Amino acid sequence: MKYLHVARDGRDACMSLHNHLCNLTPDALLRFDAISRDDPQFGDPYPHVPDDAGAYFHDWITDDEVNGDFGDSAASFFSVENSFWAERRRSNLLLVHYNDLKADRVGEMRRIADFLEADVPGSLWPGLVEAASFESMKRDGDALIPFAHQLFEGGPARFLNKGTNGRWHDLVASEDLARYEANVRSAFSPALARWIEHGRSVAGDPRDLPD
């Protein structure tokens with residue numbers, strides 16, 4: 001068994017998550033409401049998020065429940081990233097970063113193929129690299145993720161929204177960005193904080209970095 005963990009700067013991850021949650025279809029929300037009400041751990045409707053991305057970020061960074069930390073699950077962004085970082089030197093785990101995939105898709109795909117011991121014929125690489133671009137995935141969304149029509153207004157085109165980084169610059173209050181940075185300093189080691197923000201091409205290979 002081998003594991004791939006793809007990480008992203010928490011601010012960008014939050015913007016992507018907001019796009020998903022605020023574009024759920026009415027039917028999907030009704031189903032989630034029913035599941036949440038029937039679960040004794042919750043017993044109330046599924047949380048509906050504000051349309052404003054800045055308001056959602058505020059909730060995400062200040063509210064444990066919105067942040068995914070339900071009871072003892074420890075599923076928050078910071079907990080999840082710390083858990084993978086602690087195991088990063090395992091031979092069957094590879095940490096990949098969104099920034100590196102965007103900056104060097106070919107190099108990262110070859111790195112992943114080597115990790116998986118996948119012998120890919122050279123003639124297939126150009127087509128695979130093109131198919132893995134954000135533009136190609138968005139174009140082929142109906143074939144790749146047909147279930148998205150049941151979950152999101154706009155279907156796959158909404159799920160595969162922009163694929164860009166840094167949208168939070170113009171959407172999130174400075175106080176909430178400062179709170180995020182304070183949480184990073186508190187929850188992450190300096191090496192993990194640098195890798196989460198920049199990726200391997202700037203911070204170095206996670207396996208070679210100190211705790």
# chains A, B, ... in the order shown; residues from 1 in each chain; ligands from 1

$ select_by_dssp --residues "segment 62-134 of chain A" --states "strand (DSSP E)" --output "count of residues only"
5

$ residues_around --residues "Leu209 of chain A" --least-positions-apart "6" --cutoff "9 Å" --atoms "only C-alpha atoms" --output "count of residues only"
3

$ residues_around --residues "Gly163 of chain A" --least-positions-apart "2" --cutoff "7 Å" --atoms "only C-alpha atoms" --output "list in words"
Phe134, Asn161 and Asn165 of chain A

$ write_last_selection --atoms "C-alpha atoms" --output "CSV table (one decimal), in the first residue's frame"
chain,number,residue,atom,x,y,z
A,134,PHE,CA,-6.3,22.0,-15.0
A,161,ASN,CA,-13.5,26.3,-10.4
A,165,ASN,CA,-3.7,30.6,-5.8

$ residues_around --residues "segment 26-36 of chain A" --least-positions-apart "2" --cutoff "8 Å" --atoms "only C-alpha atoms" --output "compact mmCIF listing (two decimals) with C-alpha atoms, in the first residue's frame"
# COMPACT_ATOMS: atom_id res chain seq x y z
CA LEU A 24 -23.97 22.64 -3.20
CA ASP A 38 -29.82 11.58 12.18
CA ASP A 39 -26.24 11.46 13.48
CA PHE A 42 -24.52 16.34 15.57
CA GLY A 43 -28.33 16.20 15.63
CA ASP A 44 -28.81 19.48 13.79
CA PRO A 45 -28.86 20.67 10.15
CA TYR A 46 -25.69 20.58 8.09
CA GLN A 150 -25.58 15.73 -8.28
CA LEU A 151 -23.63 17.78 -5.76
CA PHE A 152 -22.76 21.17 -7.22

$ select_by_dssp --residues "segment 1-165 of chain A" --states "helix (DSSP H, G or I)" --output "PyMOL selection string"
chain A and resi 10-21+26-38+53-62+77-86+98-103+105-116+122-131+134-139+141-144+148-151+156-159

$ residues_around --residues "Glu197 of chain A" --least-positions-apart "6" --cutoff "10 Å" --atoms "only C-alpha atoms" --output "list of chain:residue names"
A:Ala7, A:Arg8, A:Asp9, A:Gly10, A:Arg11, A:Asp12, A:His97, A:Tyr98, A:Asn99, A:Val184, A:Ala203

$ write_last_selection --atoms "C-alpha atoms" --output "PDB file, in the first residue's frame"
ATOM      1  CA  ALA A   7      -1.114  19.631   0.387  1.00  0.00           C
ATOM      2  CA  ARG A   8      -1.920  23.270  -0.302  1.00  0.00           C
ATOM      3  CA  ASP A   9      -1.489  26.556   1.510  1.00  0.00           C
ATOM      4  CA  GLY A  10      -4.351  26.690   4.006  1.00  0.00           C
ATOM      5  CA  ARG A  11      -5.585  30.038   2.728  1.00  0.00           C
ATOM      6  CA  ASP A  12      -5.911  28.703  -0.810  1.00  0.00           C
ATOM      7  CA  HIS A  97       2.329  20.108  -3.031  1.00  0.00           C
ATOM      8  CA  TYR A  98      -0.210  21.933  -5.181  1.00  0.00           C
ATOM      9  CA  ASN A  99       2.303  24.698  -5.981  1.00  0.00           C
ATOM     10  CA  VAL A 184       0.567  28.428  11.542  1.00  0.00           C
ATOM     11  CA  ALA A 203      11.262  24.670   0.964  1.00  0.00           C
TER      12      ALA A 203
END

$ residues_around --residues "Ala187 of chain A" --least-positions-apart "6" --cutoff "9 Å" --atoms "only C-alpha atoms" --output "tab-separated table (two decimals) with N, CA and C atoms, in the first residue's frame"
chain	number	residue	atom	x	y	z
A	78	PHE	N	-4.91	21.88	10.30
A	78	PHE	CA	-3.63	21.82	10.99
A	78	PHE	C	-3.33	20.42	11.51
A	79	SER	N	-4.32	19.73	12.00
A	79	SER	CA	-4.11	18.38	12.50
A	79	SER	C	-3.75	17.42	11.38
A	82	ASN	N	-0.17	18.13	10.12
A	82	ASN	CA	0.81	17.66	11.10
A	82	ASN	C	0.92	16.14	11.09
A	193	ALA	N	5.77	24.83	8.13
A	193	ALA	CA	5.12	26.08	7.74
A	193	ALA	C	5.64	26.58	6.39

$ closest_residue --among "A:Ile61, A:Ala157, A:Ala113, A:Val106" --to "Asn19 of chain A" --atoms "only C-alpha atoms"
A:Ala157

$ closest_residue --among "A:Glu81, A:Asp142, A:Asp59, A:Asp119" --to "Ile196 of chain A" --atoms "only C-alpha atoms"
A:Glu81

$ residues_around --residues "Ala132 of chain A" --least-positions-apart "4" --cutoff "12 Å" --atoms "only C-alpha atoms" --output "list of chain:residue names"
A:Leu101, A:Lys102, A:Asp104, A:Arg105, A:Val106, A:Glu108, A:Met109, A:Trp125, A:Pro126, A:Gly127, A:Leu128, A:Ser136, A:Met137, A:Lys138, A:Arg139, A:Asp140, A:Gly141, A:Leu144

$ write_last_selection --atoms "N, CA and C atoms" --output "JSON list (two decimals), in the first residue's frame"
[["chain", "number", "residue", "atom", "x", "y", "z"],
["A", 101, "LEU", "N", 2.92, 21.08, -8.38],
["A", 101, "LEU", "CA", 2.17, 20.54, -9.51],
["A", 101, "LEU", "C", 1.89, 21.61, -10.54],
["A", 102, "LYS", "N", 1.61, 22.82, -10.08],
["A", 102, "LYS", "CA", 1.34, 23.92, -11.01],
["A", 102, "LYS", "C", 2.61, 24.41, -11.69],
["A", 104, "ASP", "N", 5.64, 22.73, -12.05],
["A", 104, "ASP", "CA", 6.42, 21.72, -12.78],
["A", 104, "ASP", "C", 5.61, 20.43, -12.85],
["A", 105, "ARG", "N", 4.56, 20.45, -13.64],
["A", 105, "ARG", "CA", 3.68, 19.30, -13.72],
["A", 105, "ARG", "C", 4.42, 18.05, -14.21],
["A", 106, "VAL", "N", 5.29, 18.23, -15.20],
["A", 106, "VAL", "CA", 6.03, 17.08, -15.74],
["A", 106, "VAL", "C", 6.93, 16.47, -14.66],
["A", 108, "GLU", "N", 6.77, 16.69, -11.39],
["A", 108, "GLU", "CA", 6.02, 16.09, -10.29],
["A", 108, "GLU", "C", 5.35, 14.78, -10.72],
["A", 109, "MET", "N", 4.88, 14.73, -11.95],
["A", 109, "MET", "CA", 4.28, 13.48, -12.43],
["A", 109, "MET", "C", 5.32, 12.38, -12.52],
["A", 125, "TRP", "N", 3.86, 9.93, -22.26],
["A", 125, "TRP", "CA", 4.01, 11.07, -21.35],
["A", 125, "TRP", "C", 3.37, 12.35, -21.85],
["A", 126, "PRO", "N", 3.56, 12.75, -23.12],
["A", 126, "PRO", "CA", 2.95, 14.02, -23.55],
["A", 126, "PRO", "C", 1.44, 14.04, -23.37],
["A", 127, "GLY", "N", 0.76, 12.94, -23.70],
["A", 127, "GLY", "CA", -0.68, 12.89, -23.55],
["A", 127, "GLY", "C", -1.11, 12.90, -22.09],
["A", 128, "LEU", "N", -0.36, 12.21, -21.25],
["A", 128, "LEU", "CA", -0.68, 12.18, -19.83],
["A", 128, "LEU", "C", -0.51, 13.57, -19.20],
["A", 136, "SER", "N", -7.51, 20.92, -19.12],
["A", 136, "SER", "CA", -8.01, 19.66, -19.70],
["A", 136, "SER", "C", -9.01, 18.99, -18.77],
["A", 137, "MET", "N", -8.70, 18.98, -17.48],
["A", 137, "MET", "CA", -9.62, 18.35, -16.54],
["A", 137, "MET", "C", -10.94, 19.09, -16.49],
["A", 138, "LYS", "N", -10.89, 20.42, -16.56],
["A", 138, "LYS", "CA", -12.14, 21.17, -16.56],
["A", 138, "LYS", "C", -12.94, 20.89, -17.83],
["A", 139, "ARG", "N", -12.24, 20.83, -18.95],
["A", 139, "ARG", "CA", -12.90, 20.54, -20.23],
["A", 139, "ARG", "C", -13.55, 19.16, -20.21],
["A", 140, "ASP", "N", -12.88, 18.19, -19.58],
["A", 140, "ASP", "CA", -13.35, 16.80, -19.59],
["A", 140, "ASP", "C", -14.06, 16.43, -18.29],
["A", 141, "GLY", "N", -14.52, 17.43, -17.56],
["A", 141, "GLY", "CA", -15.12, 17.19, -16.25],
["A", 141, "GLY", "C", -16.30, 16.25, -16.27],
["A", 144, "LEU", "N", -14.82, 12.84, -16.24],
["A", 144, "LEU", "CA", -13.98, 12.53, -15.09],
["A", 144, "LEU", "C", -14.76, 12.46, -13.78]]

$ atom_distance --atom1 "atom CA of Gly107 of chain A" --atom2 "atom CA of His5 of chain A"
16.6 Å
